[in-house]
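So this one's upload-v2.txt, compact mmCIF, C-alpha atoms:
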```
# COMPACT_ATOMS: atom_id res chain seq x y z
CA MET C 1 -26.61 -17.24 -5.53
CA LYS C 2 -28.66 -14.82 -3.47
CA THR C 3 -30.77 -12.30 -5.39
CA ARG C 4 -28.84 -9.39 -3.88
CA ASP C 5 -25.56 -10.81 -5.14
CA ARG C 6 -27.04 -11.55 -8.55
CA ILE C 7 -28.18 -7.93 -8.82
CA ILE C 8 -24.69 -6.71 -7.92
CA GLN C 9 -23.04 -9.03 -10.39
CA ALA C 10 -25.41 -8.25 -13.27
CA SER C 11 -25.16 -4.50 -12.63
CA LEU C 12 -21.38 -4.61 -12.77
CA ALA C 13 -21.45 -6.56 -16.05
CA LEU C 14 -24.00 -4.21 -17.63
CA PHE C 15 -22.28 -1.02 -16.40
CA ASN C 16 -18.94 -2.21 -17.75
CA GLU C 17 -20.43 -3.23 -21.05
CA ARG C 18 -22.80 -0.34 -21.80
CA GLY C 19 -21.67 2.44 -19.48
CA GLU C 20 -23.44 3.15 -16.20
CA ARG C 21 -25.44 5.99 -17.67
CA ASN C 22 -27.06 3.79 -20.27
CA VAL C 23 -28.28 1.19 -17.77
CA THR C 24 -31.43 1.67 -15.67
CA THR C 25 -32.66 -0.43 -12.75
CA ASN C 26 -35.35 -1.70 -15.15
CA HIS C 27 -32.66 -2.97 -17.51
CA ILE C 28 -30.99 -4.76 -14.63
CA ALA C 29 -34.25 -6.35 -13.47
CA ALA C 30 -35.13 -7.39 -17.01
CA HIS C 31 -31.67 -8.86 -17.50
CA LEU C 32 -32.12 -10.98 -14.37
CA LYS C 33 -35.74 -11.81 -15.21
CA ILE C 34 -36.89 -10.44 -11.85
CA SER C 35 -39.54 -7.76 -11.21
CA PRO C 36 -38.47 -4.15 -10.59
CA GLY C 37 -40.21 -4.49 -7.21
CA ASN C 38 -37.93 -7.36 -6.28
CA LEU C 39 -34.90 -5.27 -7.22
CA TYR C 40 -36.17 -2.32 -5.14
CA TYR C 41 -36.59 -4.67 -2.20
CA HIS C 42 -32.78 -5.06 -2.23
CA PHE C 43 -31.66 -1.62 -3.44
CA ARG C 44 -33.57 1.65 -3.16
CA ASN C 45 -32.10 2.91 -6.43
CA LYS C 46 -29.19 2.72 -8.85
CA THR C 47 -27.09 4.98 -6.62
CA ASP C 48 -27.27 2.30 -3.91
CA ILE C 49 -26.12 -0.37 -6.33
CA ILE C 50 -23.19 1.80 -7.42
CA TYR C 51 -22.26 2.43 -3.82
CA SER C 52 -22.26 -1.33 -3.13
CA LEU C 53 -20.03 -1.85 -6.15
CA PHE C 54 -17.70 0.84 -4.87
CA LEU C 55 -17.45 -1.01 -1.53
CA SER C 56 -16.53 -4.24 -3.32
CA TYR C 57 -14.00 -2.39 -5.45
CA LYS C 58 -12.52 -0.74 -2.38
CA GLY C 59 -12.36 -4.12 -0.60
CA LEU C 60 -10.56 -5.64 -3.55
CA VAL C 61 -8.02 -2.81 -3.80
CA ASP C 62 -7.41 -2.80 -0.03
CA GLN C 63 -6.60 -6.48 -0.30
CA TYR C 64 -4.44 -6.01 -3.41
CA LEU C 65 -2.39 -3.20 -1.87
CA SER C 66 -1.75 -4.74 1.54
CA VAL C 67 1.92 -4.80 2.47
CA PRO C 68 3.31 -7.92 4.20
CA GLU C 69 4.72 -7.11 7.61
CA GLY C 70 8.21 -7.89 8.76
CA ARG C 71 9.87 -8.34 5.39
CA ALA C 72 11.17 -6.23 2.52
CA LEU C 73 9.43 -6.39 -0.88
CA LYS C 74 10.76 -8.29 -3.87
CA MET C 75 10.39 -7.81 -7.62
CA GLU C 76 7.61 -10.44 -7.67
CA ASP C 77 5.68 -8.41 -5.10
CA LYS C 78 6.08 -5.28 -7.19
CA MET C 79 4.81 -6.91 -10.37
CA GLY C 80 2.04 -8.59 -8.37
CA TYR C 81 0.83 -5.19 -7.16
CA LEU C 82 0.82 -3.72 -10.63
CA GLU C 83 -0.98 -6.68 -12.19
CA ALA C 84 -3.55 -6.71 -9.39
CA VAL C 85 -4.25 -2.98 -9.53
CA PHE C 86 -4.80 -3.08 -13.28
CA ASP C 87 -6.99 -6.17 -12.89
CA GLY C 88 -9.08 -4.19 -10.42
CA LEU C 89 -9.34 -1.30 -12.88
CA TRP C 90 -10.50 -3.79 -15.48
CA TYR C 91 -13.13 -5.57 -13.35
CA TYR C 92 -14.63 -2.25 -12.25
CA ARG C 93 -13.86 -0.33 -15.39
CA PHE C 94 -17.17 1.56 -15.50
CA PHE C 95 -16.07 3.27 -12.32
CA HIS C 96 -13.03 5.32 -13.35
CA ARG C 97 -14.54 5.85 -16.77
CA ASP C 98 -17.21 8.08 -15.34
CA LEU C 99 -15.93 8.95 -11.91
CA GLU C 100 -16.79 12.65 -11.84
CA TYR C 101 -20.39 11.99 -12.73
CA LEU C 102 -20.74 9.21 -10.15
CA LEU C 103 -19.24 11.39 -7.42
CA ASP C 104 -21.49 14.28 -8.35
CA SER C 105 -24.53 12.03 -8.03
CA ASP C 106 -23.83 10.74 -4.52
CA PRO C 107 -22.30 12.83 -1.70
CA ARG C 108 -21.70 9.68 0.37
CA LEU C 109 -19.70 8.16 -2.46
CA ARG C 110 -17.76 11.41 -2.91
CA LYS C 111 -16.80 11.45 0.74
CA ASP C 112 -15.82 7.77 0.83
CA TYR C 113 -13.97 7.95 -2.47
CA ARG C 114 -11.86 10.71 -0.98
CA SER C 115 -10.85 8.48 1.97
CA PHE C 116 -10.21 5.69 -0.49
CA THR C 117 -7.87 7.95 -2.53
CA LEU C 118 -5.91 8.97 0.57
CA GLN C 119 -5.73 5.36 1.69
CA CYS C 120 -4.41 4.25 -1.71
CA LEU C 121 -1.80 7.01 -1.68
CA GLY C 122 -0.71 5.79 1.74
CA ALA C 123 -0.54 2.20 0.47
CA ILE C 124 1.51 3.20 -2.57
CA LYS C 125 3.97 4.97 -0.28
CA ALA C 126 4.17 1.90 1.97
CA ILE C 127 4.91 -0.25 -1.08
CA VAL C 128 7.62 2.17 -2.21
CA ARG C 129 9.16 1.97 1.27
CA GLY C 130 9.02 -1.83 1.15
CA LEU C 131 10.79 -1.77 -2.21
CA GLU C 132 13.41 0.58 -0.80
CA ALA C 133 13.93 -1.88 2.07
CA GLY C 134 14.35 -4.57 -0.59
CA SER C 135 17.01 -2.43 -2.34
CA ILE C 136 14.89 -2.26 -5.48
CA LEU C 137 13.97 1.43 -5.36
CA HIS C 138 15.83 4.40 -3.99
CA MET C 139 14.16 7.67 -2.96
CA ARG C 140 16.12 10.66 -1.78
CA SER C 141 13.48 12.06 0.56
CA GLU C 142 9.95 11.69 1.89
CA ASP C 143 9.01 14.57 -0.43
CA GLU C 144 10.16 12.58 -3.41
CA ARG C 145 8.35 9.44 -2.21
CA GLU C 146 5.17 11.45 -1.71
CA ALA C 147 5.27 13.15 -5.10
CA VAL C 148 6.15 9.96 -7.00
CA ALA C 149 3.34 8.06 -5.23
CA LEU C 150 0.89 10.76 -6.27
CA ASN C 151 2.12 10.74 -9.87
CA THR C 152 1.71 6.96 -9.92
CA TRP C 153 -1.87 7.35 -8.74
CA LEU C 154 -2.53 10.04 -11.40
CA VAL C 155 -1.17 7.84 -14.19
CA VAL C 156 -3.00 4.70 -13.06
CA THR C 157 -6.38 6.36 -12.55
CA ASN C 158 -6.18 8.32 -15.82
CA TRP C 159 -5.03 5.45 -18.02
CA MET C 160 -8.53 4.15 -18.79
CA ALA C 161 -9.80 7.61 -19.76
CA PHE C 162 -6.73 8.15 -21.92
CA LEU C 163 -7.28 4.88 -23.78
CA LYS C 164 -10.91 5.79 -24.33
CA THR C 165 -10.04 9.20 -25.74
CA ALA C 166 -6.97 8.11 -27.72
CA HIS C 167 -8.85 5.24 -29.38
CA ALA C 168 -11.65 7.16 -30.99
CA ASP C 169 -13.20 4.19 -32.71
CA ASP C 170 -16.51 4.86 -34.33
CA ASP C 171 -17.58 1.81 -32.43
CA GLU C 172 -18.03 3.37 -29.03
CA ASN C 173 -18.25 0.24 -26.93
CA GLY C 174 -15.95 -2.68 -26.42
CA ASP C 175 -13.07 -0.65 -27.79
CA ILE C 176 -10.61 -1.35 -24.98
CA ASP C 177 -9.47 -4.81 -24.03
CA ARG C 178 -7.73 -6.00 -20.94
CA GLN C 179 -4.37 -6.17 -22.64
CA GLN C 180 -4.54 -2.54 -23.71
CA LEU C 181 -5.47 -1.57 -20.20
CA LYS C 182 -2.42 -3.40 -18.84
CA GLN C 183 -0.19 -1.30 -21.08
CA GLY C 184 -0.62 1.27 -18.32
CA ILE C 185 1.96 -0.82 -16.46
CA TYR C 186 4.51 0.27 -19.09
CA GLN C 187 3.81 3.88 -18.15
CA VAL C 188 4.06 3.25 -14.41
CA LEU C 189 7.35 1.37 -14.79
CA THR C 190 8.72 4.19 -16.96
CA MET C 191 7.94 6.64 -14.21
CA GLU C 192 9.67 4.50 -11.59
CA MET C 193 12.69 3.66 -13.71
CA PRO C 194 14.83 6.60 -12.50
CA TYR C 195 14.38 5.38 -8.92
CA VAL C 196 15.24 1.75 -9.62
CA GLU C 197 18.56 0.68 -8.08
CA PRO C 198 21.22 -0.06 -10.74
CA ALA C 199 21.20 -3.80 -9.89
CA TYR C 200 17.53 -4.04 -10.92
CA GLN C 201 17.47 -1.68 -13.91
CA GLU C 202 17.86 -4.38 -16.51
CA THR C 203 15.24 -6.65 -14.88
CA VAL C 204 12.68 -3.85 -14.75
CA ARG C 205 13.45 -2.85 -18.31
CA LEU C 206 12.83 -6.41 -19.53
CA LEU C 207 9.62 -6.75 -17.53
CA ARG C 208 8.43 -3.43 -18.89
CA GLU C 209 8.85 -4.67 -22.46
CA GLN C 210 6.02 -7.14 -21.88
CA TYR C 211 3.60 -4.24 -21.55
CA ARG C 212 4.82 -2.03 -24.37
CA PRO C 213 1.86 -0.22 -25.93
CA ALA C 214 1.26 -0.15 -29.64
CA PRO C 215 2.28 3.28 -30.99
CA VAL C 216 -0.70 5.60 -30.54
CA SER C 217 -0.42 6.97 -34.05
CA MET C 218 -1.01 3.47 -35.43
CA GLN C 219 -4.25 3.01 -33.52
CA ALA C 220 -6.15 5.30 -35.88
CA MET N 221 -19.37 42.42 -28.48
CA LYS N 222 -21.28 40.29 -31.00
CA THR N 223 -24.12 38.16 -29.62
CA ARG N 224 -22.38 34.98 -30.74
CA ASP N 225 -19.26 35.88 -28.76
CA ARG N 226 -21.33 36.90 -25.75
CA ILE N 227 -23.04 33.49 -25.80
CA ILE N 228 -19.68 31.74 -25.93
CA GLN N 229 -18.27 33.82 -23.11
CA ALA N 230 -21.30 33.47 -20.85
CA SER N 231 -21.49 29.70 -21.49
CA LEU N 232 -17.86 29.24 -20.51
CA ALA N 233 -18.35 31.23 -17.31
CA LEU N 234 -21.52 29.31 -16.36
CA PHE N 235 -20.09 25.89 -17.24
CA ASN N 236 -16.97 26.57 -15.17
CA GLU N 237 -18.98 27.86 -12.27
CA ARG N 238 -21.85 25.39 -12.09
CA GLY N 239 -20.70 22.41 -14.18
CA GLU N 240 -21.78 21.94 -17.76
CA ARG N 241 -24.48 19.44 -16.82
CA ASN N 242 -26.28 21.92 -14.60
CA VAL N 243 -26.50 24.63 -17.26
CA THR N 244 -29.15 24.61 -20.01
CA THR N 245 -29.38 26.83 -23.08
CA ASN N 246 -32.29 28.54 -21.30
CA HIS N 247 -30.03 29.42 -18.40
CA ILE N 248 -27.52 30.88 -20.81
CA ALA N 249 -30.16 32.93 -22.62
CA ALA N 250 -31.63 34.17 -19.33
CA HIS N 251 -28.17 35.10 -18.08
CA LEU N 252 -27.59 37.21 -21.20
CA LYS N 253 -31.14 38.58 -21.17
CA ILE N 254 -31.74 37.35 -24.72
CA SER N 255 -34.55 35.11 -25.98
CA PRO N 256 -33.93 31.36 -26.40
CA GLY N 257 -34.82 31.93 -30.07
CA ASN N 258 -31.99 34.40 -30.42
CA LEU N 259 -29.58 31.88 -28.88
CA TYR N 260 -30.79 29.13 -31.24
CA TYR N 261 -30.19 31.46 -34.16
CA HIS N 262 -26.48 31.27 -33.31
CA PHE N 263 -26.19 27.72 -31.92
CA ARG N 264 -28.45 24.77 -32.68
CA ASN N 265 -27.96 23.34 -29.19
CA LYS N 266 -25.65 23.13 -26.20
CA THR N 267 -23.49 20.54 -27.95
CA ASP N 268 -22.67 23.16 -30.59
CA ILE N 269 -21.68 25.66 -27.92
CA ILE N 270 -19.42 23.10 -26.26
CA TYR N 271 -17.82 22.27 -29.59
CA SER N 272 -17.10 25.98 -30.18
CA LEU N 273 -15.54 26.20 -26.73
CA PHE N 274 -13.41 23.16 -27.53
CA LEU N 275 -12.17 24.89 -30.70
CA SER N 276 -11.20 27.98 -28.69
CA TYR N 277 -9.48 25.80 -26.09
CA LYS N 278 -7.63 23.89 -28.78
CA GLY N 279 -6.58 27.17 -30.44
CA LEU N 280 -5.25 28.45 -27.14
CA VAL N 281 -3.31 25.26 -26.38
CA ASP N 282 -1.88 25.10 -29.92
CA GLN N 283 -0.59 28.60 -29.42
CA TYR N 284 0.73 27.87 -25.91
CA LEU N 285 2.60 24.77 -27.01
CA SER N 286 4.20 26.13 -30.16
CA VAL N 287 7.96 25.60 -30.29
CA PRO N 288 10.14 28.43 -31.60
CA GLU N 289 12.14 27.35 -34.63
CA GLY N 290 15.88 27.58 -34.97
CA ARG N 291 16.81 27.81 -31.30
CA ALA N 292 17.09 25.59 -28.24
CA LEU N 293 14.68 26.07 -25.34
CA LYS N 294 15.60 27.79 -22.08
CA MET N 295 14.35 27.45 -18.52
CA GLU N 296 12.05 30.46 -19.03
CA ASP N 297 10.47 28.71 -22.00
CA LYS N 298 9.92 25.61 -19.93
CA MET N 299 8.23 27.45 -17.08
CA GLY N 300 6.26 29.50 -19.61
CA TYR N 301 4.84 26.31 -21.13
CA LEU N 302 3.84 24.93 -17.76
CA GLU N 303 2.22 28.16 -16.59
CA ALA N 304 0.38 28.53 -19.89
CA VAL N 305 -0.91 24.96 -19.96
CA PHE N 306 -2.26 25.19 -16.43
CA ASP N 307 -3.80 28.58 -17.24
CA GLY N 308 -5.57 26.90 -20.15
CA LEU N 309 -6.81 24.14 -17.86
CA TRP N 310 -8.12 26.81 -15.52
CA TYR N 311 -9.90 28.93 -18.14
CA TYR N 312 -11.61 25.87 -19.60
CA ARG N 313 -11.83 23.90 -16.41
CA PHE N 314 -15.35 22.54 -17.05
CA PHE N 315 -13.86 20.64 -19.95
CA HIS N 316 -11.47 18.17 -18.32
CA ARG N 317 -13.76 17.92 -15.32
CA ASP N 318 -16.36 16.12 -17.34
CA LEU N 319 -14.51 14.99 -20.41
CA GLU N 320 -15.90 11.47 -20.74
CA TYR N 321 -19.45 12.69 -20.66
CA LEU N 322 -18.80 15.44 -23.20
CA LEU N 323 -17.08 13.01 -25.57
CA ASP N 324 -19.91 10.51 -25.22
CA SER N 325 -22.42 13.20 -26.15
CA ASP N 326 -20.77 14.30 -29.40
CA PRO N 327 -19.01 11.96 -31.86
CA ARG N 328 -17.48 14.94 -33.69
CA LEU N 329 -15.94 16.19 -30.45
CA ARG N 330 -14.67 12.68 -29.65
CA LYS N 331 -12.95 12.45 -32.99
CA ASP N 332 -11.43 15.92 -32.80
CA TYR N 333 -10.40 15.51 -29.18
CA ARG N 334 -8.45 12.44 -30.21
CA SER N 335 -6.49 14.44 -32.83
CA PHE N 336 -5.99 17.14 -30.24
CA THR N 337 -4.52 14.58 -27.78
CA LEU N 338 -2.11 13.22 -30.39
CA GLN N 339 -1.14 16.75 -31.38
CA CYS N 340 -0.44 17.70 -27.76
CA LEU N 341 1.66 14.57 -27.26
CA GLY N 342 3.65 15.56 -30.34
CA ALA N 343 4.07 19.09 -28.99
CA ILE N 344 5.24 17.84 -25.59
CA LYS N 345 7.85 15.68 -27.32
CA ALA N 346 9.00 18.65 -29.41
CA ILE N 347 9.37 20.71 -26.24
CA VAL N 348 11.36 17.93 -24.59
CA ARG N 349 13.64 17.82 -27.63
CA GLY N 350 14.06 21.60 -27.46
CA LEU N 351 15.01 21.33 -23.80
CA GLU N 352 17.48 18.58 -24.64
CA ALA N 353 19.00 20.89 -27.28
CA GLY N 354 19.23 23.53 -24.55
CA SER N 355 21.08 21.03 -22.29
CA ILE N 356 18.31 21.24 -19.70
CA LEU N 357 16.89 17.74 -20.10
CA HIS N 358 18.54 14.49 -21.07
CA MET N 359 16.66 11.51 -22.51
CA ARG N 360 18.34 8.22 -23.27
CA SER N 361 16.10 7.21 -26.15
CA GLU N 362 13.07 8.10 -28.23
CA ASP N 363 11.19 5.43 -26.22
CA GLU N 364 11.94 7.28 -23.03
CA ARG N 365 10.96 10.62 -24.56
CA GLU N 366 7.69 9.13 -25.76
CA ALA N 367 6.78 7.48 -22.46
CA VAL N 368 7.69 10.54 -20.37
CA ALA N 369 5.69 12.81 -22.67
CA LEU N 370 2.67 10.53 -22.26
CA ASN N 371 3.06 10.43 -18.46
CA THR N 372 3.23 14.23 -18.45
CA TRP N 373 -0.02 14.36 -20.39
CA LEU N 374 -1.65 11.86 -18.00
CA VAL N 375 -0.62 13.86 -14.93
CA VAL N 376 -1.65 17.24 -16.39
CA THR N 377 -5.05 16.11 -17.66
CA ASN N 378 -5.88 14.19 -14.46
CA TRP N 379 -4.82 16.89 -12.03
CA MET N 380 -8.16 18.71 -12.02
CA ALA N 381 -10.12 15.52 -11.40
CA PHE N 382 -7.73 14.54 -8.62
CA LEU N 383 -8.16 17.88 -6.87
CA LYS N 384 -11.91 17.56 -7.15
CA THR N 385 -11.92 14.08 -5.63
CA ALA N 386 -9.22 14.74 -3.01
CA HIS N 387 -10.97 17.88 -1.77
CA ALA N 388 -14.30 16.44 -0.88
CA ASP N 389 -15.70 19.61 0.57
CA ASP N 390 -19.36 19.48 1.40
CA ASP N 391 -19.52 22.60 -0.64
CA GLU N 392 -19.43 21.07 -4.08
CA ASN N 393 -18.74 24.14 -6.16
CA GLY N 394 -15.97 26.66 -6.12
CA ASP N 395 -13.80 24.29 -4.17
CA ILE N 396 -10.69 24.56 -6.33
CA ASP N 397 -8.85 27.78 -6.94
CA ARG N 398 -6.31 28.66 -9.56
CA GLN N 399 -3.42 28.35 -7.15
CA GLN N 400 -4.37 24.80 -6.19
CA LEU N 401 -4.64 23.93 -9.85
CA LYS N 402 -1.14 25.25 -10.47
CA GLN N 403 0.20 22.86 -7.84
CA GLY N 404 0.01 20.34 -10.65
CA ILE N 405 3.22 21.99 -11.88
CA TYR N 406 4.92 20.56 -8.78
CA GLN N 407 3.91 17.08 -9.91
CA VAL N 408 5.08 17.61 -13.47
CA LEU N 409 8.45 18.96 -12.35
CA THR N 410 8.86 16.01 -9.98
CA MET N 411 8.34 13.65 -12.88
CA GLU N 412 10.91 15.46 -15.02
CA MET N 413 13.48 15.88 -12.27
CA PRO N 414 15.37 12.63 -13.02
CA TYR N 415 15.90 13.83 -16.60
CA VAL N 416 17.13 17.31 -15.67
CA GLU N 417 20.83 17.82 -16.40
CA PRO N 418 22.93 18.21 -13.21
CA ALA N 419 23.66 21.88 -13.97
CA TYR N 420 19.93 22.69 -13.79
CA GLN N 421 18.84 20.41 -10.93
CA GLU N 422 19.07 23.09 -8.25
CA THR N 423 17.26 25.68 -10.38
CA VAL N 424 14.38 23.31 -11.13
CA ARG N 425 14.18 22.28 -7.48
CA LEU N 426 13.86 25.91 -6.38
CA LEU N 427 11.29 26.68 -9.04
CA ARG N 428 9.32 23.61 -8.04
CA GLU N 429 9.11 24.84 -4.45
CA GLN N 430 6.89 27.70 -5.59
CA TYR N 431 4.20 25.20 -6.51
CA ARG N 432 4.42 22.88 -3.51
CA PRO N 433 0.94 21.57 -2.68
CA ALA N 434 -0.47 21.64 0.81
CA PRO N 435 -0.31 18.09 2.28
CA VAL N 436 -3.44 16.26 1.14
CA SER N 437 -4.08 14.89 4.61
CA MET N 438 -4.44 18.43 5.91
CA GLN N 439 -7.12 19.30 3.39
CA ALA N 440 -9.77 17.32 5.29
```

So that I can check it, write out the structure of this file as structure tokens.
Amino acid sequence: MKTRDRIIQASLALFNERGERNVTTNHIAAHLKISPGNLYYHFRNKTDIIYSLFLSYKGLVDQYLSVPEGRALKMEDKMGYLEAVFDGLWYYRFFHRDLEYLLDSDPRLRKDYRSFTLQCLGAIKAIVRGLEAGSILHMRSEDEREAVALNTWLVVTNWMAFLKTAHADDDENGDIDRQQLKQGIYQVLTMEMPYVEPAYQETVRLLREQYRPAPVSMQA
Amino acid sequence: MKTRDRIIQASLALFNERGERNVTTNHIAAHLKISPGNLYYHFRNKTDIIYSLFLSYKGLVDQYLSVPEGRALKMEDKMGYLEAVFDGLWYYRFFHRDLEYLLDSDPRLRKDYRSFTLQCLGAIKAIVRGLEAGSILHMRSEDEREAVALNTWLVVTNWMAFLKTAHADDDENGDIDRQQLKQGIYQVLTMEMPYVEPAYQETVRLLREQYRPAPVSMQA
């Protein structure tokens, strides 16, 4: 693997594990057993590494959320989108965990994250339309579609932070696992349930059960 | 006003205005024209000031979300809760803007914020039950009540961060006003709409119109 790619990969692993704020470029270099000078040859600073990770994340999500042309969407598509989006949140989990701070530290990232948000909202709406074409969802108006897409985005992007604050383990790291993260799918499906066509209500309800979160009060 | 209260008040104003991370105890002391020593007499450090602000915020929210005993809830109650909660978000807006960082910096705050979250979720459920008693909302099960309450919490607590990321003004401060913040009420009402009893659907729809956000794509 090229050094540049190794730096990217190691940074992502360390950021996810320890939190971006607790990892310096020196830590990354030491972890890879390369000199700081070698790292700086590839990236001017940590901000540049984070920006590269954002581009990979964005690339992944763009791919995940692409809507097939010329056909309506099926239940498998719908569940595929949800699984993929939460996988993306998991792989790049340092990112939404500390988004405000990262955006404050890099105006370029702030600007591009904004486009990314608008693009994702557009993709969510396109998916909703595809599911309407597939007679799985029913929306009464573009207003409703717009507002439900935005609520979906708000729930998805806040789920990680919620888990982190609701699970106040004394152990600060490694407290959330992938399965807990995927329980966010339960919340998204709950939100969509009122718009699911009667013929699919039972199917969605059964699928949702697979993601049921443990009661919060028992996570103490 | 007592010095301690003046410190609290000035800190809140400065944190909201400039972001907590850009304000030091020296800034606060200078702003109040008191010596750093005088400030340290009242608060050991900034973390202590933030914790005091959290306690005030928590006190305010507890009061806002209290459910009157012995009667069902009315539409005015419902709108009162929403207005109050978003007012609270506005007054203490530095808090949710940078929550992860604040919780990482203070284990005591992390622990107490967790209780606060669970308490708020309980209060939201109690309000939903009150609105069901008032024949305004209808929930099919405790599961549904629980999941909708959690989605409401996720939307409310993420609204500020969304506005900050969706409005990527070059001007980083002062970009969100109270009216924009209150547009979050539009999102909450959209989420509740499917559970509103038919007799109240039109009323809620009209109320919701007052909070309609400007289209995101036009905020560029």

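Using only C-alpha atoms, the smallest distance between any of N:Thr245, N:Lys345, N:Tyr406, N:Trp373 and Gly257 (chain N) comes from N:Thr245.
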
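If only C-alpha atoms are the atoms counted, then among C:Asp62, C:Asp177, C:Glu202, C:Asp77 the closest residue to Leu121 (chain C) is C:Asp62.
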
Kindly determine which residues of chain C lie within 6 Å of chain N, considering only C-alpha atoms, and give the answer as a compact mmCIF listing (two decimals) with C-alpha atoms, in the coordinates of the input.
```txt
# COMPACT_ATOMS: atom_id res chain seq x y z
CA LYS C 111 -16.80 11.45 0.74
CA ARG C 114 -11.86 10.71 -0.98
CA LEU C 154 -2.53 10.04 -11.40
CA VAL C 155 -1.17 7.84 -14.19
CA THR C 165 -10.04 9.20 -25.74
CA ALA C 166 -6.97 8.11 -27.72
CA ALA C 168 -11.65 7.16 -30.99
```

Would you kindly return, as a CSV table (one decimal) with C-alpha atoms, keeping the file's coordinate frame, each protein, DNA or RNA residue with an atom no farther than 7 Å from any atom of region 418-420 of chain N, considering all atoms listed in the file and excluding same-chain residues fewer than 3 positions away?
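As written to disk, part_1.csv reads:
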```
chain,number,residue,atom,x,y,z
N,356,ILE,CA,18.3,21.2,-19.7
N,423,THR,CA,17.3,25.7,-10.4
N,424,VAL,CA,14.4,23.3,-11.1
```

Query raised in the report: Between C:Leu32, C:Glu197, C:Ala149, C:Gln119, which one has atoms that come closest to Arg6 (chain C), using only C-alpha atoms?
Result: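 Comparing C:Leu32, C:Glu197, C:Ala149, C:Gln119 against Arg6 (chain C), the winner is C:Leu32.
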
Report summary line: Expressed in Å, the length from CA of Leu275 (chain N) to CA of Ile228 (chain N) is 11.2 Å

Report task. Go ahead and compute the interatomic distance for CA of Asp48 (chain C) and CA of Leu60 (chain C), in Å to one decimal. Result ->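 These atoms are spaced 18.5 Å apart.
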
**Report entry** Å distance separating CA of Glu20 (chain C) from CA of Lys46 (chain C), one decimal place
**Finding:** 9.3 Å

Requested in this report: Please provide the set of residues having any atom within 9 Å of Arg145 (chain C), restricted to all atoms listed in the file, with same-chain residues fewer than 6 positions apart removed, written as a PyMOL selection string.
Outcome: chain C and resi 125+128-129+139

Would you pick out the contacts of Thr3 (chain C) at 12 Å or less, using all atoms listed in the file, so that residues sharing its chain but fewer than 3 positions from it are not included, and give the list as a PDB file with C-alpha atoms, in the coordinates of the input?
```
ATOM      1  CA  ARG C   6     -27.040 -11.550  -8.550  1.00  0.00           C
ATOM      2  CA  ILE C   7     -28.180  -7.930  -8.820  1.00  0.00           C
ATOM      3  CA  ILE C   8     -24.690  -6.710  -7.920  1.00  0.00           C
ATOM      4  CA  GLN C   9     -23.040  -9.030 -10.390  1.00  0.00           C
ATOM      5  CA  ALA C  10     -25.410  -8.250 -13.270  1.00  0.00           C
ATOM      6  CA  ILE C  28     -30.990  -4.760 -14.630  1.00  0.00           C
ATOM      7  CA  ALA C  29     -34.250  -6.350 -13.470  1.00  0.00           C
ATOM      8  CA  LEU C  32     -32.120 -10.980 -14.370  1.00  0.00           C
ATOM      9  CA  LYS C  33     -35.740 -11.810 -15.210  1.00  0.00           C
ATOM     10  CA  ILE C  34     -36.890 -10.440 -11.850  1.00  0.00           C
ATOM     11  CA  SER C  35     -39.540  -7.760 -11.210  1.00  0.00           C
ATOM     12  CA  ASN C  38     -37.930  -7.360  -6.280  1.00  0.00           C
ATOM     13  CA  LEU C  39     -34.900  -5.270  -7.220  1.00  0.00           C
ATOM     14  CA  TYR C  40     -36.170  -2.320  -5.140  1.00  0.00           C
ATOM     15  CA  TYR C  41     -36.590  -4.670  -2.200  1.00  0.00           C
ATOM     16  CA  HIS C  42     -32.780  -5.060  -2.230  1.00  0.00           C
ATOM     17  CA  PHE C  43     -31.660  -1.620  -3.440  1.00  0.00           C
TER      18      PHE C  43
END
```

Report task. Could you tell me which of N:Ala353, N:Val416, N:Ile405, N:Ala250 comes closest to Arg291 (chain N) if we count only C-alpha atoms? Result -> N:Ala353

Query raised in the report: Which is closest to Asn45 (chain C) among C:Asn26, C:Ala84, C:Gly59, C:Gln179, if we use only C-alpha atoms?
Result: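 Smallest separation from Asn45 (chain C) among the options: C:Asn26.
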
Report summary line: Shortest contact to Tyr301 (chain N), candidates N:Ala233, N:Val287, N:Gln421, N:Phe315, atoms counted only C-alpha atoms, goes to N:Val287
